[in-house]
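Chemist: Once you've had a glance at the structure underneath, I'll fire off some questions.
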Protein chains: 2
Amino acid sequence: MPDRAIGVFDSGVGGLTVLKEIQRLLPGEEVLYLGDTARVPYGTKSPATVRRYALEAASFLTRRRVKMLVVACNTASSVALGDLENRFKLPVIGVIEPGARRAVSVTRTGRIGVIGTEGTIKSGAYTLAIKQLAPDADVVALHCPLFVPLVEEGWLDHPVTRLAAEEYLGSLRHHGIDTLVLGCTHYPLLKPVLQQVLGPQVMLIDSAEETAIAVADRLQQLSHVRPLGEAIPPQFFVTDVPERFQRVGGEFLGCPLPKVEQVSLD
Amino acid sequence: MPDRAIGVFDSGVGGLTVLKEIQRLLPGEEVLYLGDTARVPYGTKSPATVRRYALEAASFLTRRRVKMLVVACNTASSVALGDLENRFKLPVIGVIEPGARRAVSVTRTGRIGVIGTEGTIKSGAYTLAIKQLAPDADVVALHCPLFVPLVEEGWLDHPVTRLAAEEYLGSLRHHGIDTLVLGCTHYPLLKPVLQQVLGPQVMLIDSAEETAIAVADRLQQLSHVRPLGEAIPPQFFVTDVPERFQRVGGEFLGCPLPKVEQVSLD
């Protein structure tokens, strides 16, 4: 079992922030990454549709005999984690619980902000996860639909992005949060501008780092860690043609992507 | 044949701008409208994937025995019109040729700008259509990926939208265009801000109006115009749950949407 790969999926490139952290923390592991680029984004779609897509993505990975599923997409983690755990006899790690755990551990005032896609925020998954860990926490959650397209446009440090961030985050600032969960895998690329808008007193929580830690912990519990050896490059699969994924994904990983294979899920 | 409906499809709500113009010009016609909301947007996806989706959407409408197909989506019109004409024995009207024809008829300097999604602009379909009508035209085409999310966010007259428009359209202003084709069905909602940024000397071409005229012309040629009688409300179909379509679509049509039915294409 340790020799098997870890299967990671997302609607597109965003989950590469999670892949990057897994590789940093677990350099011996082989990773299969699937981006459902023919149907991206998930964040504006209904829970029922996202559940169907998540099950199809996970089926693709389990057919390749992965030892663990990582749902590197906040929207899919919000609405489909239980369905995936029921359907597949595998450990399934989402990005919500790790982010919530970290937020609870670092907040001093108990006032925690969460930002994400419409699907993630409407699901209430972060609020629920935080309240289970800290029932007295004061959670403010809001969706910021323009942040994903701004990142995909590459306007990471741009006046338009700053102005949009001021518009969205004004209410959070007003609420006096001391911790903000970046509840979408695209948002870590906006960290500098978000930090500037919110000020240095607000701690930004990146689900990607926390999720990689949760993956490492679970593999260790199960004695499924692959022994360190020759590094195996990750394999990338997408459902639309690879060109755009390779171009935008390179910015997420900070290095050019190797071969990307187009596959069909439906 | 005149009694049959007109079938209109788009990736989502954008094509409602075309539906609205068809209803205004042809109030006696029945229209079936399909929005492929489970897979929206098309504008960032590859030609091959958009072609497959367009064929599935058109198949759904032709099974309901429509008399004409209207591709109310610039991206699908750019890459799939020929495939649809080959596959279905029906008149097929896209949004590219009508917009190009109008631009050529109103420009005085021959300097024409085109804005649209990445898919539409990369296809070169507008440039080709304009050049076929006016070989000496000087066409500048550019994609503006943030305009669709800005419209969907409802930020039609917002500082963020104005700043994004200034960023995108600066090069067009510099080029001295006198005509701008709004090559995406979302963009008509941005007309006021685009006009302010470009100045009153630039004529904005709305494909929706021109497409409705092309639909009326073709129906008249074929003697397929439905005689005026009791108005028949349009029927709406979507591939994801209707809630979001109804909410955002109401802004596009300027009135609440009636019943919307969820259907499956794949």
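By convention in this document, the chains of the structure tokens carry letters A, B, ... by their order, each chain's residues are numbered from 1, and ligands are numbered from 1 in the order they are shown.
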Per DSSP on the backbone, filter segment 97-250 of chain A down to the residues in alpha helix (DSSP H) and report them as JSON, numbers by chain.

Modeler: {"A": [97, 98, 99, 100, 101, 102, 103, 104, 105, 106, 118, 119, 120, 121, 122, 123, 125, 126, 127, 128, 129, 130, 131, 132, 133, 147, 148, 149, 150, 151, 152, 159, 160, 161, 162, 163, 164, 165, 166, 167, 168, 169, 170, 171, 172, 173, 174, 175, 191, 192, 193, 194, 195, 196, 197, 198, 207, 208, 209, 210, 211, 212, 213, 214, 215, 216, 217, 218, 219, 220, 221, 242, 243, 244, 245, 246, 247, 248, 249, 250]}

Chemist: Output the contact residues of chain B with respect to chain A at a cut-off of 8 Å, based on only C-alpha atoms, as a list of chain:residue names.

Modeler: B:Thr37, B:Ala38, B:Arg39, B:Val40, B:Pro41, B:Lys45, B:Ser46, B:Thr49, B:Pro145, B:Leu146, B:Pro149, B:Leu150, B:Glu153, B:Pro159, B:Val160, B:Leu163, B:Ala164, B:Asp240, B:Val241, B:Asp266

Chemist: Expressed in Å to a single decimal, how great is the separation between atom CA of Leu26 of chain A and atom CA of Gln221 of chain A?

Modeler: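 Those two atoms sit 14.5 Å apart.
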
Chemist: Name the residues of segment 26-203 of chain B that come out as strand (DSSP E) in a backbone DSSP run; write them as a list of chain:residue names.

Modeler: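 Checking each residue of segment 26-203 of chain B, the strand (DSSP E) ones are B:Val31, B:Leu32, B:Tyr33, B:Leu34, B:Gly35, B:Met68, B:Leu69, B:Val70, B:Val71, B:Val92, B:Ile93, B:Arg111, B:Ile112, B:Gly113, B:Val114, B:Ile115, B:Gly116, B:Asp138, B:Val139, B:Val140, B:Ala141, B:Leu142, B:His143, B:Thr179, B:Leu180, B:Val181, B:Leu182, B:Gly183, B:Met203.
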
Chemist: Got a sec: who's within 12 Å of segment 129-134 of chain A, counting only C-alpha atoms, leaving out chain neighbours fewer than 2 positions off, as a CSV table (one decimal) with C-alpha atoms, in the first residue's frame?

Modeler:
chain,number,residue,atom,x,y,z
A,77,SER,CA,-14.9,19.4,0.1
A,78,SER,CA,-17.8,21.4,1.4
A,94,GLY,CA,-10.7,17.5,2.4
A,95,VAL,CA,-9.4,21.0,2.8
A,96,ILE,CA,-12.1,22.4,5.2
A,97,GLU,CA,-11.3,20.6,8.4
A,98,PRO,CA,-7.6,21.3,8.3
A,99,GLY,CA,-8.2,25.0,7.7
A,100,ALA,CA,-10.8,25.2,10.4
A,101,ARG,CA,-8.5,23.5,12.9
A,102,ARG,CA,-5.6,25.9,12.2
A,103,ALA,CA,-7.9,28.9,12.5
A,104,VAL,CA,-9.1,27.8,15.9
A,105,SER,CA,-5.6,27.2,17.1
A,106,VAL,CA,-4.3,30.6,16.1
A,107,THR,CA,-7.2,33.0,16.9
A,108,ARG,CA,-6.9,35.0,20.1
A,109,THR,CA,-10.2,36.9,20.0
A,110,GLY,CA,-12.3,34.0,18.6
A,111,ARG,CA,-13.4,36.3,15.7
A,112,ILE,CA,-12.7,34.3,12.6
A,113,GLY,CA,-13.4,35.3,9.0
A,114,VAL,CA,-13.9,32.8,6.1
A,123,SER,CA,-22.7,25.2,2.4
A,124,GLY,CA,-21.8,26.5,5.8
A,125,ALA,CA,-19.1,23.9,6.0
A,126,TYR,CA,-16.4,26.1,7.5
A,127,THR,CA,-18.7,27.6,10.1
A,136,ASP,CA,-17.9,30.1,21.2
A,137,ALA,CA,-16.1,31.2,18.0
A,138,ASP,CA,-17.7,34.2,16.2
A,139,VAL,CA,-17.5,33.3,12.5
A,140,VAL,CA,-18.2,35.7,9.6
A,141,ALA,CA,-18.3,34.0,6.2
A,181,VAL,CA,-9.4,31.4,6.4
